[in-house]
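my_file-v9.cif (mmCIF, C-alpha atoms) appears below.
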data_data
#
loop_
_atom_site.label_atom_id
_atom_site.label_comp_id
_atom_site.auth_asym_id
_atom_site.auth_seq_id
_atom_site.Cartn_x
_atom_site.Cartn_y
_atom_site.Cartn_z
CA MET A 291 49.81 -13.23 -62.35
CA THR A 292 51.34 -14.06 -58.96
CA PRO A 293 50.26 -17.65 -58.14
CA ASP A 294 49.19 -17.12 -54.52
CA LEU A 295 48.29 -13.44 -54.30
CA THR A 296 44.99 -12.43 -52.73
CA PHE A 297 43.79 -8.83 -52.94
CA ILE A 298 41.24 -7.57 -50.41
CA LEU A 299 39.72 -4.13 -50.88
CA GLY A 300 36.81 -2.16 -49.54
CA GLY A 301 35.82 1.06 -47.88
CA ALA A 302 36.65 2.28 -44.39
CA ARG A 303 35.37 -0.10 -41.73
CA SER A 304 34.21 -2.59 -44.35
CA GLY A 305 35.92 -5.51 -42.57
CA LYS A 306 38.78 -5.84 -45.07
CA SER A 307 41.61 -6.09 -42.50
CA ALA A 308 39.74 -8.59 -40.30
CA HIS A 309 38.93 -10.71 -43.38
CA ALA A 310 42.56 -10.63 -44.53
CA GLU A 311 43.69 -11.62 -41.04
CA ARG A 312 41.25 -14.56 -41.02
CA LEU A 313 42.60 -15.74 -44.39
CA ALA A 314 46.17 -15.50 -43.11
CA ALA A 315 45.31 -17.44 -39.95
CA GLN A 316 43.39 -20.09 -41.92
CA SER A 317 46.40 -20.63 -44.21
CA GLY A 318 48.11 -22.56 -41.41
CA LEU A 319 51.40 -20.94 -42.45
CA PRO A 320 53.74 -18.74 -40.41
CA VAL A 321 52.58 -15.14 -40.95
CA THR A 322 54.47 -11.89 -41.34
CA TYR A 323 52.25 -8.84 -41.04
CA ILE A 324 53.62 -5.81 -42.88
CA ALA A 325 52.07 -2.61 -41.52
CA THR A 326 52.41 0.55 -43.60
CA ALA A 327 50.91 3.04 -41.13
CA ARG A 328 52.68 6.02 -39.63
CA ILE A 329 50.97 7.08 -36.43
CA GLY A 330 52.61 10.42 -35.71
CA ASP A 331 50.79 12.50 -33.09
CA ASP A 332 47.25 11.54 -34.18
CA SER A 333 45.70 9.97 -31.06
CA GLU A 334 42.56 8.78 -32.87
CA PHE A 335 44.65 7.00 -35.50
CA ALA A 336 46.89 5.56 -32.76
CA GLU A 337 43.76 4.01 -31.24
CA ARG A 338 42.88 2.42 -34.59
CA VAL A 339 46.38 0.95 -34.84
CA ARG A 340 46.16 -0.33 -31.24
CA HIS A 341 42.90 -2.11 -32.10
CA HIS A 342 44.58 -3.81 -35.08
CA ARG A 343 47.56 -4.86 -32.94
CA GLU A 344 45.37 -6.37 -30.24
CA ARG A 345 43.37 -8.35 -32.79
CA ARG A 346 46.43 -10.00 -34.37
CA PRO A 347 47.92 -13.21 -32.96
CA ALA A 348 51.00 -12.50 -30.84
CA HIS A 349 53.08 -15.13 -32.67
CA TRP A 350 52.82 -13.31 -36.01
CA THR A 351 55.91 -11.39 -37.02
CA LEU A 352 55.33 -7.66 -37.40
CA VAL A 353 57.30 -5.54 -39.86
CA GLU A 354 56.65 -1.82 -40.13
CA ALA A 355 57.26 -0.54 -43.65
CA PRO A 356 55.82 2.93 -44.19
CA LEU A 357 57.97 3.54 -47.29
CA ASP A 358 60.03 0.50 -48.40
CA LEU A 359 57.17 -1.93 -48.91
CA ALA A 360 58.98 -3.77 -51.71
CA GLY A 361 62.02 -4.37 -49.51
CA ALA A 362 59.86 -5.57 -46.63
CA LEU A 363 58.00 -7.96 -48.93
CA ARG A 364 61.23 -9.32 -50.43
CA ASP A 365 62.68 -9.87 -46.95
CA ALA A 366 59.57 -11.61 -45.56
CA ASP A 367 58.59 -13.65 -48.62
CA ARG A 368 59.50 -17.31 -48.83
CA ALA A 369 57.82 -20.57 -49.81
CA GLY A 370 55.60 -21.98 -47.07
CA HIS A 371 55.04 -18.56 -45.53
CA CYS A 372 52.22 -16.01 -45.60
CA VAL A 373 52.78 -12.26 -45.87
CA LEU A 374 49.87 -9.94 -45.10
CA ILE A 375 50.28 -6.31 -46.20
CA ASP A 376 47.93 -3.78 -44.57
CA CYS A 377 47.51 -1.44 -46.36
CA LEU A 378 48.32 0.08 -49.75
CA THR A 379 46.22 3.16 -49.00
CA LEU A 380 48.45 4.33 -46.17
CA TRP A 381 51.62 3.36 -48.04
CA LEU A 382 50.58 5.53 -50.98
CA ALA A 383 49.83 8.45 -48.65
CA ASN A 384 53.28 8.06 -47.09
CA LEU A 385 54.91 8.12 -50.53
CA LEU A 386 52.97 11.08 -51.89
CA PHE A 387 52.52 13.32 -48.88
CA THR A 388 55.69 14.10 -47.01
CA GLN A 389 56.23 17.18 -44.83
CA ALA A 390 57.92 18.86 -47.79
CA SER A 391 55.05 18.17 -50.19
CA ALA A 392 52.36 19.37 -47.76
CA SER A 393 53.08 22.98 -48.64
CA GLU A 394 53.31 22.42 -52.41
CA THR A 395 50.36 23.42 -54.57
CA VAL A 396 51.26 21.37 -57.65
CA ALA A 397 50.12 17.77 -57.45
CA VAL A 398 52.64 15.48 -59.12
CA VAL A 399 53.85 12.00 -58.35
CA PRO A 400 57.46 12.22 -57.16
CA ASP A 401 60.01 10.11 -59.03
CA SER A 402 60.78 8.32 -55.76
CA ALA A 403 57.14 7.17 -55.53
CA ARG A 404 57.14 6.00 -59.15
CA GLU A 405 60.27 3.95 -58.42
CA ALA A 406 58.63 2.53 -55.27
CA PHE A 407 55.64 1.41 -57.38
CA VAL A 408 57.92 -0.38 -59.85
CA GLN A 409 59.84 -2.05 -57.02
CA PHE A 410 56.61 -3.18 -55.33
CA ASP A 411 55.10 -4.51 -58.57
CA THR A 412 58.34 -6.46 -59.16
CA ALA A 413 58.40 -7.85 -55.61
CA LEU A 414 54.80 -9.05 -56.00
CA ALA A 415 55.55 -10.64 -59.36
CA HIS A 416 58.44 -12.64 -57.84
CA ALA A 417 56.69 -13.66 -54.59
CA ARG A 418 57.21 -17.31 -53.68
CA GLY A 419 54.85 -17.61 -50.72
CA LYS A 420 51.26 -16.69 -50.01
CA VAL A 421 50.69 -12.91 -50.13
CA ILE A 422 47.55 -11.08 -48.99
CA VAL A 423 47.29 -7.37 -49.80
CA VAL A 424 44.73 -4.98 -48.30
CA SER A 425 43.69 -1.66 -49.82
CA ASN A 426 40.84 0.82 -49.72
CA GLU A 427 38.49 1.38 -52.61
CA ILE A 428 37.98 5.14 -52.54
CA GLY A 429 36.93 5.78 -56.12
CA LEU A 430 33.22 5.07 -55.68
CA GLY A 431 32.25 8.54 -54.49
CA VAL A 432 32.10 11.97 -56.01
CA VAL A 433 34.91 13.34 -58.15
CA PRO A 434 37.30 14.89 -55.62
CA LEU A 435 37.87 18.62 -55.61
CA GLY A 436 41.44 19.84 -55.80
CA SER A 437 44.39 18.54 -57.75
CA VAL A 438 46.11 16.92 -54.76
CA THR A 439 43.05 14.85 -53.84
CA ARG A 440 42.45 13.87 -57.46
CA LEU A 441 46.08 12.79 -57.76
CA TYR A 442 45.75 10.57 -54.68
CA VAL A 443 42.48 8.98 -55.83
CA ASP A 444 43.85 8.43 -59.34
CA GLU A 445 47.13 6.90 -58.12
CA LEU A 446 45.37 4.60 -55.67
CA GLY A 447 43.02 3.49 -58.44
CA ARG A 448 45.98 2.71 -60.69
CA LEU A 449 47.82 0.89 -57.89
CA ASN A 450 44.71 -1.16 -57.04
CA GLN A 451 44.24 -2.08 -60.70
CA ARG A 452 47.83 -3.34 -60.98
CA VAL A 453 47.55 -5.43 -57.82
CA ALA A 454 44.15 -6.82 -58.87
CA ALA A 455 45.54 -7.78 -62.29
CA ALA A 456 48.46 -9.60 -60.64
CA SER A 457 46.20 -11.38 -58.13
CA ALA A 458 44.83 -14.88 -58.41
CA ARG A 459 41.97 -13.84 -56.12
CA ALA A 460 40.36 -10.48 -55.39
CA THR A 461 37.64 -9.78 -52.85
CA MET A 462 35.59 -6.63 -52.23
CA MET A 463 34.42 -6.19 -48.66
CA VAL A 464 31.08 -4.47 -48.11
CA ALA A 465 29.51 -4.27 -44.63
CA GLY A 466 31.67 -7.14 -43.44
CA LEU A 467 30.65 -9.37 -46.34
CA PRO A 468 33.24 -10.70 -48.79
CA LEU A 469 32.22 -10.40 -52.44
CA ALA A 470 34.41 -12.44 -54.79
CA LEU A 471 35.63 -10.36 -57.72
CA LYS A 472 38.20 -12.78 -59.09
CA GLY A 473 39.24 -16.37 -58.50
#

As a first step, turn the structure in this file into structure tokens.
Amino acid sequence: MTPDLTFILGGARSGKSAHAERLAAQSGLPVTYIATARIGDDSEFAERVRHHRERRPAHWTLVEAPLDLAGALRDADRAGHCVLIDCLTLWLANLLFTQASASETVAVVPDSAREAFVQFDTALAHARGKVIVVSNEIGLGVVPLGSVTRLYVDELGRLNQRVAAASARATMMVAGLPLALKG
């Protein structure tokens, strides 16, 4: 278990990012915000990212890490510092769904993604500062149709379970309300 790891998960628009940002601000520590999003040419998603940027304090350090999340965490982590990672859901999508894989019909986890998971798990296990990780909980609905969607839901569930197991605290956000799951 990582001594000061907090895991925040919930559905879309559940308030998980805002809650994580409040926890980071309340820590009183310098904060590095690691963003995993890739905007591309999606204007609606760009607006969501803009909203997140405007909400964050300007003095926080921003690191964009759409693929090398472990490296970004290792670089930002230090005692007396807070790292907020938002979010695992987008990071996993970046790892699994590249331009090349979009046309493939077989849903398999690439070896590069499996290695990224191992590197991230290791970086979390060796964290020295306060770490807050945000992720979506998407496994509460119907069983997804299609092998690619099932692969994504399954892999996110596995990733969330590993991070929750490593966390000292875990919180589920529902309708803006934090529900303590652990710690």

(request) Compile the contact shell of Gly429 in chain A as a list in words: residues with an atom at most 10 Å away, counting all atoms listed in the file, same-chain residues fewer than 6 positions apart removed. (result) Gly301, Arg440, Val443, Asp444, Leu446 and Gly447 of chain A

(request) Have a look at A:His342, A:Gly300, A:Arg364, A:Ala397 and name the one nearest to Thr412 in chain A; count all atoms listed in the file. (result)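 Answer, going by the shortest atom-to-atom distance: A:Arg364.
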
(message) Please report the interatomic distance between CA of Ala455 in chain A and CA of Leu430 in chain A in Å with one decimal.
(response)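 Interatomic distance here is 19.0 Å.
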
(request) Tell me, in Å to one decimal, how far CA of Lys472 in chain A is from CA of Ala460 in chain A. (result)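 These atoms are spaced 4.9 Å apart.
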
(request) May I ask which of the residues A:Val423, A:Arg418, A:Glu337, A:Gly370 is the closest one to Ala325 in chain A, counting only C-alpha atoms? (result)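 So, comparing all the options, the nearest one is A:Val423.
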
(message) For a quick check of understanding, using all atoms listed in the file, which of A:Glu445, A:Glu354, A:Asp401, A:Asp376 has the smallest distance to Phe297 in chain A?
(response)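 Residue with the minimum atom-to-atom distance to Phe297 in chain A: A:Asp376.
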
(message) One decimal, in Å: what's the spacing between CA of Gly330 in chain A and CA of Ala302 in chain A?
(response) 19.9 Å
